[in-house]
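To keep things clear, I will list the structure first and then write my remarks on it.
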Amino acid sequence: MGKNWKAALTLMDIVWEDRQANYEKASVFAEKAYAAGADLLLFPEMSFTGFSMHTDKTAETCPYESVERMKLLSKRFPHMAIGFGYAGRKGTEVKAYNCMEVVQDGKSLMHYEKIHPFTYGEEGRHFSAGEKIVACEVNGVKVGGFICYDLRFPEIFQISSRQSEFIFVLANWPKERVLHWKLLLQARAVENQCYVAGVNRIGEGGGLIYEPCSMAFDPLGNPLAGEFYGTGGEEGFLLIETDPGKVGCLRNDFPLKADRREKLYRQWYGE
């Protein structure tokens, strides 16, 4: 694997509960990320509404508008995948799902539903929990993804990293707990021996403040500096460059996963 697989991690000030305004922003981000050579462009959690609990207003029904809009956008920028979040409702279910999708060339590569709703923030009252860990391949790289609060649960990252070289987390992670965000992203990279990237919104939404902290770490936990590309005001994206071949080399040289005792762990859990 060459040293040229790139991800664009946005720093987006989401317009609260205004999908159209945010779709327009997404188009600007996509155009600039494509020109910069990104293989994967990533937007924050609930990319086009913000972390709103007003699901009567924000939740989409199938066919999901955000997915269809991003599929069309991806056709304009061949071979660049786009990862984004939205609130989706299934049929007549009362609660929605906090969803993430990856699309490329007009097709969906990955659909994920947040496994751990943020109970502290009342998310569980409005959103059902997802049940599946998913992955896809983007331009030769195996990619896994999670959403915000999922970052606090290391077990799912261990499962995802069995098949993923690059794992991303889309978030609306508030400024007051940003230290946890940085520590946990780095820890997930080290303990899973893979690239881990976090994409967080900026600005203010729903009464919370978000500071610029989209970032990525290599399989040894080293931060990736990247290059910042502005799209207007404080918004823009951090373009990081990875060498996914390092993941396999590190795991061969230091086979950490081979020493995991999965059966014993399950026994302690009472399974």
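Residue numbering restarts at 1 in every chain; chains get A, B, ... in the order shown in the structure tokens, and ligands count up from 1 in that same order.
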Within 10 Å of stretch 90-100 of chain A: each stretch 1-45 of chain A residue with its shortest pair, only C-alpha atoms, as CSV:
```
residue,atom,partner,partner_atom,distance
A:Phe43,CA,A:Met100,CA,9.7
A:Pro44,CA,A:Met100,CA,9.5
A:Glu45,CA,A:Met100,CA,7.5
```
Let me see the file: selected residues, all heavy atoms, as a compact mmCIF listing (two decimals), in the first residue's frame.
```txt
# COMPACT_ATOMS: atom_id res chain seq x y z
N PHE A 43 -18.02 13.98 7.39
CA PHE A 43 -18.76 15.04 8.07
C PHE A 43 -19.10 14.61 9.49
O PHE A 43 -19.06 13.41 9.81
CB PHE A 43 -20.05 15.36 7.29
CG PHE A 43 -19.81 16.02 5.96
CD1 PHE A 43 -19.86 15.28 4.79
CD2 PHE A 43 -19.53 17.37 5.89
CE1 PHE A 43 -19.64 15.89 3.56
CE2 PHE A 43 -19.31 18.00 4.67
CZ PHE A 43 -19.36 17.25 3.50
N PRO A 44 -19.48 15.55 10.38
CA PRO A 44 -19.79 15.19 11.76
C PRO A 44 -21.09 14.40 11.90
O PRO A 44 -21.87 14.26 10.95
CB PRO A 44 -19.92 16.55 12.46
CG PRO A 44 -19.37 17.55 11.51
CD PRO A 44 -19.55 16.99 10.15
N GLU A 45 -21.32 13.92 13.10
CA GLU A 45 -22.58 13.26 13.47
C GLU A 45 -23.77 14.16 13.13
O GLU A 45 -23.71 15.38 13.28
CB GLU A 45 -22.54 13.00 14.98
CG GLU A 45 -23.81 12.42 15.58
CD GLU A 45 -23.72 12.29 17.10
OE1 GLU A 45 -22.86 12.98 17.69
OE2 GLU A 45 -24.49 11.51 17.66
```
message = Going by DSSP on the backbone, which residues of stretch 19-224 of chain A come out as alpha helix (DSSP H)? List them as an MDAnalysis selection string.
response = chainID A and resid 19:35 55:58 65:76 123:126 154:160 178:192
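Counting only C-alpha atoms, A:Asn139 has the following residues at most 8 Å away, ignoring those fewer than 2 positions along the same chain: Asp39, His79, Glu137 and Val141 of chain A.
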query = Which polymer residues have any atom within 7 Å of an atom of A:Leu41, counting only C-alpha atoms, with same-chain residues fewer than 2 positions away left out, as a VMD selection string?
reply = chain A and resid 7 to 9 33 38 to 39 43 81 to 83
ask   = Quick one: DSSP strand (DSSP E or B) residues in stretch 15-257 of chain A, as a VMD selection string?
value = chain A and resid 40 to 42 60 to 61 81 to 89 96 to 104 107 to 113 127 to 128 135 to 138 141 to 147 166 to 171 195 to 200 203 to 205 208 to 210 215 to 217 223 227 to 232 235 to 242
Next, write the just-selected residues to a file, as a PDB file, in the first residue's frame, keeping C-alpha atoms as the atom set.
```pdb
ATOM      1  CA  LEU A  40     -12.757   9.858   1.882  1.00  0.00           C
ATOM      2  CA  LEU A  41     -14.565  13.007   3.022  1.00  0.00           C
ATOM      3  CA  LEU A  42     -16.085  12.814   6.511  1.00  0.00           C
ATOM      4  CA  GLU A  60     -36.071  11.228   7.678  1.00  0.00           C
ATOM      5  CA  THR A  61     -38.019   8.274   6.323  1.00  0.00           C
ATOM      6  CA  ALA A  81     -16.289   8.446  -0.801  1.00  0.00           C
ATOM      7  CA  ILE A  82     -18.404  10.627   1.502  1.00  0.00           C
ATOM      8  CA  GLY A  83     -19.278   9.705   5.100  1.00  0.00           C
ATOM      9  CA  PHE A  84     -22.057  11.586   6.907  1.00  0.00           C
ATOM     10  CA  GLY A  85     -24.706  11.281   9.602  1.00  0.00           C
ATOM     11  CA  TYR A  86     -28.482  11.779   9.803  1.00  0.00           C
ATOM     12  CA  ALA A  87     -31.558  10.842  11.819  1.00  0.00           C
ATOM     13  CA  GLY A  88     -33.544   8.061  10.147  1.00  0.00           C
ATOM     14  CA  ARG A  89     -36.902   6.519  11.001  1.00  0.00           C
ATOM     15  CA  ALA A  96     -35.575   7.214  15.150  1.00  0.00           C
ATOM     16  CA  TYR A  97     -32.016   5.923  14.646  1.00  0.00           C
ATOM     17  CA  ASN A  98     -28.834   7.964  14.735  1.00  0.00           C
ATOM     18  CA  CYS A  99     -27.418   6.831  11.388  1.00  0.00           C
ATOM     19  CA  MET A 100     -24.172   7.062   9.469  1.00  0.00           C
ATOM     20  CA  GLU A 101     -23.697   6.332   5.773  1.00  0.00           C
ATOM     21  CA  VAL A 102     -20.743   6.092   3.409  1.00  0.00           C
ATOM     22  CA  VAL A 103     -21.474   6.612  -0.272  1.00  0.00           C
ATOM     23  CA  GLN A 104     -19.255   6.568  -3.348  1.00  0.00           C
ATOM     24  CA  LYS A 107     -23.884   3.985  -4.311  1.00  0.00           C
ATOM     25  CA  SER A 108     -24.073   3.240  -0.592  1.00  0.00           C
ATOM     26  CA  LEU A 109     -21.057   1.347   0.779  1.00  0.00           C
ATOM     27  CA  MET A 110     -21.957   1.351   4.477  1.00  0.00           C
ATOM     28  CA  HIS A 111     -24.989   1.966   6.677  1.00  0.00           C
ATOM     29  CA  TYR A 112     -24.537   2.131  10.445  1.00  0.00           C
ATOM     30  CA  GLU A 113     -26.905   2.839  13.328  1.00  0.00           C
ATOM     31  CA  PHE A 127     -33.410   7.150  19.379  1.00  0.00           C
ATOM     32  CA  SER A 128     -33.262   3.357  19.301  1.00  0.00           C
ATOM     33  CA  ALA A 135     -17.274  -1.950   7.510  1.00  0.00           C
ATOM     34  CA  CYS A 136     -16.582  -1.262   3.844  1.00  0.00           C
ATOM     35  CA  GLU A 137     -13.686  -0.781   1.443  1.00  0.00           C
ATOM     36  CA  VAL A 138     -12.762   2.643   0.091  1.00  0.00           C
ATOM     37  CA  VAL A 141      -8.571   0.463   2.299  1.00  0.00           C
ATOM     38  CA  LYS A 142     -10.771  -1.372   4.806  1.00  0.00           C
ATOM     39  CA  VAL A 143     -12.797   1.187   6.740  1.00  0.00           C
ATOM     40  CA  GLY A 144     -14.991   0.967   9.857  1.00  0.00           C
ATOM     41  CA  GLY A 145     -17.064   3.678  11.490  1.00  0.00           C
ATOM     42  CA  PHE A 146     -18.845   4.639  14.707  1.00  0.00           C
ATOM     43  CA  ILE A 147     -20.728   7.616  16.142  1.00  0.00           C
ATOM     44  CA  PHE A 166      -8.935   2.874   9.324  1.00  0.00           C
ATOM     45  CA  ILE A 167     -11.737   3.555  11.826  1.00  0.00           C
ATOM     46  CA  PHE A 168     -13.522   6.887  12.035  1.00  0.00           C
ATOM     47  CA  VAL A 169     -15.865   8.413  14.621  1.00  0.00           C
ATOM     48  CA  LEU A 170     -18.408  11.080  13.637  1.00  0.00           C
ATOM     49  CA  ALA A 171     -19.348  13.278  16.575  1.00  0.00           C
ATOM     50  CA  TYR A 195      -5.612   4.505  12.106  1.00  0.00           C
ATOM     51  CA  VAL A 196      -8.360   6.212  14.097  1.00  0.00           C
ATOM     52  CA  ALA A 197      -9.906   9.526  13.083  1.00  0.00           C
ATOM     53  CA  GLY A 198     -12.438  11.679  14.894  1.00  0.00           C
ATOM     54  CA  VAL A 199     -14.603  14.243  13.107  1.00  0.00           C
ATOM     55  CA  ASN A 200     -16.297  16.789  15.351  1.00  0.00           C
ATOM     56  CA  GLY A 203     -19.565  26.343  16.647  1.00  0.00           C
ATOM     57  CA  GLU A 204     -22.728  26.321  18.746  1.00  0.00           C
ATOM     58  CA  GLY A 205     -25.810  24.150  18.524  1.00  0.00           C
ATOM     59  CA  LEU A 208     -23.703  23.566  23.499  1.00  0.00           C
ATOM     60  CA  ILE A 209     -20.300  24.846  22.392  1.00  0.00           C
ATOM     61  CA  TYR A 210     -17.981  22.795  20.171  1.00  0.00           C
ATOM     62  CA  MET A 215      -8.030  14.792  14.456  1.00  0.00           C
ATOM     63  CA  ALA A 216      -6.410  11.481  13.610  1.00  0.00           C
ATOM     64  CA  PHE A 217      -3.811   9.111  15.045  1.00  0.00           C
ATOM     65  CA  PRO A 223      -1.058  12.395  15.988  1.00  0.00           C
ATOM     66  CA  GLU A 227      -3.030  20.169   6.228  1.00  0.00           C
ATOM     67  CA  PHE A 228      -5.912  22.550   6.858  1.00  0.00           C
ATOM     68  CA  TYR A 229      -8.050  23.729   3.940  1.00  0.00           C
ATOM     69  CA  GLY A 230     -10.488  26.550   4.692  1.00  0.00           C
ATOM     70  CA  THR A 231     -13.967  26.697   3.203  1.00  0.00           C
ATOM     71  CA  GLY A 232     -15.074  29.985   4.759  1.00  0.00           C
ATOM     72  CA  GLU A 235     -14.828  26.121   8.712  1.00  0.00           C
ATOM     73  CA  GLY A 236     -12.710  23.788   6.628  1.00  0.00           C
ATOM     74  CA  PHE A 237     -11.187  20.343   6.706  1.00  0.00           C
ATOM     75  CA  LEU A 238      -8.002  18.687   7.841  1.00  0.00           C
ATOM     76  CA  LEU A 239      -6.496  16.544   5.081  1.00  0.00           C
ATOM     77  CA  ILE A 240      -4.581  13.653   6.578  1.00  0.00           C
ATOM     78  CA  GLU A 241      -2.404  11.198   4.694  1.00  0.00           C
ATOM     79  CA  THR A 242      -2.122   7.580   5.773  1.00  0.00           C
TER      80      THR A 242
END
```
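Reported to one decimal place, the separation of atom CA of A:Ala36 from atom CA of A:Leu73 is 16.5 Å.
Each of A:Gly245, A:Gly106, A:Gln193, A:Pro117 was compared to A:Asn4 using only C-alpha atoms, and A:Gly245 turns out to be the nearest.
The space between atom CA of A:Lys25 and atom CA of A:Asp105 spans 19.4 Å.
Interatomic distance, atom CA of A:Pro255 against atom CA of A:Lys132: 26.3 Å.
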query = Can you tell me, as a PyMOL selection string, what residues are no more than 7 Å from A:Leu184 when counting only C-alpha atoms, ignoring any on the same chain fewer than 4 positions away?
reply = chain A and resi 151+180+188
Can you pull out every residue within 9 Å of A:Val178, counting only C-alpha atoms, but drop anything in the same chain fewer than 3 positions away, and send it as an mmCIF file with all heavy atoms, in the first residue's frame?
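selection_31.cif, freshly written:
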```cif
data_model
loop_
_atom_site.group_PDB
_atom_site.id
_atom_site.type_symbol
_atom_site.label_atom_id
_atom_site.label_comp_id
_atom_site.auth_asym_id
_atom_site.auth_seq_id
_atom_site.Cartn_x
_atom_site.Cartn_y
_atom_site.Cartn_z
ATOM 1 N N TRP A 173 -19.271 16.375 19.866
ATOM 2 C CA TRP A 173 -18.682 16.161 21.200
ATOM 3 C C TRP A 173 -18.403 17.532 21.816
ATOM 4 O O TRP A 173 -17.569 18.290 21.326
ATOM 5 C CB TRP A 173 -17.380 15.377 21.059
ATOM 6 C CG TRP A 173 -16.852 14.761 22.310
ATOM 7 C CD1 TRP A 173 -16.271 15.405 23.365
ATOM 8 C CD2 TRP A 173 -16.836 13.358 22.640
ATOM 9 N NE1 TRP A 173 -15.878 14.506 24.322
ATOM 10 C CE2 TRP A 173 -16.221 13.226 23.907
ATOM 11 C CE3 TRP A 173 -17.269 12.202 21.982
ATOM 12 C CZ2 TRP A 173 -16.036 11.988 24.527
ATOM 13 C CZ3 TRP A 173 -17.078 10.977 22.598
ATOM 14 C CH2 TRP A 173 -16.474 10.876 23.859
ATOM 15 N N PRO A 174 -19.081 17.907 22.903
ATOM 16 C CA PRO A 174 -18.993 19.274 23.415
ATOM 17 C C PRO A 174 -17.629 19.623 24.007
ATOM 18 O O PRO A 174 -16.877 18.765 24.458
ATOM 19 C CB PRO A 174 -20.085 19.312 24.500
ATOM 20 C CG PRO A 174 -20.270 17.890 24.901
ATOM 21 C CD PRO A 174 -20.023 17.069 23.667
ATOM 22 N N LYS A 175 -17.360 20.906 24.008
ATOM 23 C CA LYS A 175 -16.076 21.443 24.451
ATOM 24 C C LYS A 175 -15.740 21.017 25.867
ATOM 25 O O LYS A 175 -14.568 20.744 26.174
ATOM 26 C CB LYS A 175 -16.113 22.969 24.355
ATOM 27 C CG LYS A 175 -14.839 23.667 24.784
ATOM 28 C CD LYS A 175 -14.949 25.170 24.621
ATOM 29 C CE LYS A 175 -13.674 25.873 25.045
ATOM 30 N NZ LYS A 175 -13.775 27.349 24.869
ATOM 31 N N TRP A 181 -12.308 13.150 24.563
ATOM 32 C CA TRP A 181 -12.323 12.901 23.113
ATOM 33 C C TRP A 181 -10.912 12.607 22.606
ATOM 34 O O TRP A 181 -10.672 11.599 21.940
ATOM 35 C CB TRP A 181 -12.929 14.117 22.428
ATOM 36 C CG TRP A 181 -12.790 14.281 20.956
ATOM 37 C CD1 TRP A 181 -11.942 15.145 20.314
ATOM 38 C CD2 TRP A 181 -13.539 13.623 19.933
ATOM 39 N NE1 TRP A 181 -12.119 15.073 18.956
ATOM 40 C CE2 TRP A 181 -13.099 14.142 18.680
ATOM 41 C CE3 TRP A 181 -14.536 12.654 19.940
ATOM 42 C CZ2 TRP A 181 -13.622 13.717 17.468
ATOM 43 C CZ3 TRP A 181 -15.065 12.234 18.730
ATOM 44 C CH2 TRP A 181 -14.600 12.750 17.510
ATOM 45 N N LYS A 182 -9.986 13.449 22.942
ATOM 46 C CA LYS A 182 -8.613 13.297 22.464
ATOM 47 C C LYS A 182 -7.961 12.033 23.034
ATOM 48 O O LYS A 182 -7.318 11.269 22.300
ATOM 49 C CB LYS A 182 -7.792 14.532 22.841
ATOM 50 C CG LYS A 182 -8.273 15.818 22.186
ATOM 51 C CD LYS A 182 -7.504 17.036 22.690
ATOM 52 C CE LYS A 182 -8.022 18.312 22.042
ATOM 53 N NZ LYS A 182 -7.307 19.515 22.560
ATOM 54 N N LEU A 183 -8.117 11.827 24.338
ATOM 55 C CA LEU A 183 -7.512 10.654 24.979
ATOM 56 C C LEU A 183 -8.069 9.350 24.420
ATOM 57 O O LEU A 183 -7.323 8.392 24.152
ATOM 58 C CB LEU A 183 -7.758 10.707 26.484
ATOM 59 C CG LEU A 183 -6.975 11.741 27.292
ATOM 60 C CD1 LEU A 183 -7.479 11.779 28.729
ATOM 61 C CD2 LEU A 183 -5.483 11.431 27.273
ATOM 62 N N TYR A 210 -18.882 23.811 20.727
ATOM 63 C CA TYR A 210 -17.981 22.795 20.171
ATOM 64 C C TYR A 210 -16.720 23.493 19.650
ATOM 65 O O TYR A 210 -16.810 24.467 18.903
ATOM 66 C CB TYR A 210 -18.659 22.046 19.020
ATOM 67 C CG TYR A 210 -19.955 21.380 19.414
ATOM 68 C CD1 TYR A 210 -21.163 22.069 19.327
ATOM 69 C CD2 TYR A 210 -19.980 20.074 19.878
ATOM 70 C CE1 TYR A 210 -22.363 21.466 19.691
ATOM 71 C CE2 TYR A 210 -21.173 19.458 20.244
ATOM 72 C CZ TYR A 210 -22.358 20.159 20.146
ATOM 73 O OH TYR A 210 -23.535 19.560 20.510
ATOM 74 N N GLU A 211 -15.557 22.981 20.052
ATOM 75 C CA GLU A 211 -14.320 23.589 19.595
ATOM 76 C C GLU A 211 -13.703 22.756 18.477
ATOM 77 O O GLU A 211 -13.988 21.550 18.361
ATOM 78 C CB GLU A 211 -13.324 23.752 20.741
ATOM 79 C CG GLU A 211 -12.715 22.474 21.266
ATOM 80 C CD GLU A 211 -11.639 22.758 22.320
ATOM 81 O OE1 GLU A 211 -11.789 23.720 23.104
ATOM 82 O OE2 GLU A 211 -10.655 22.008 22.347
ATOM 83 N N CYS A 213 -11.724 20.267 16.827
ATOM 84 C CA CYS A 213 -10.906 19.163 17.340
ATOM 85 C C CYS A 213 -11.050 17.903 16.494
ATOM 86 O O CYS A 213 -10.928 16.797 17.017
ATOM 87 C CB CYS A 213 -11.218 18.870 18.804
ATOM 88 S SG CYS A 213 -12.924 18.446 19.146
#
```
key: Best match for closeness to A:Trp5 among A:His116, A:Tyr34, A:Asp243, A:Ser74, counting only C-alpha atoms   = A:Asp243
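Neighbouring residues of stretch 261-268 of chain A at 12 Å or closer, counting only C-alpha atoms and skipping chain neighbours under 3 positions away, are Glu155, Gln158, Ile159, Leu256, Lys257, Ala258 and Glu271 of chain A.
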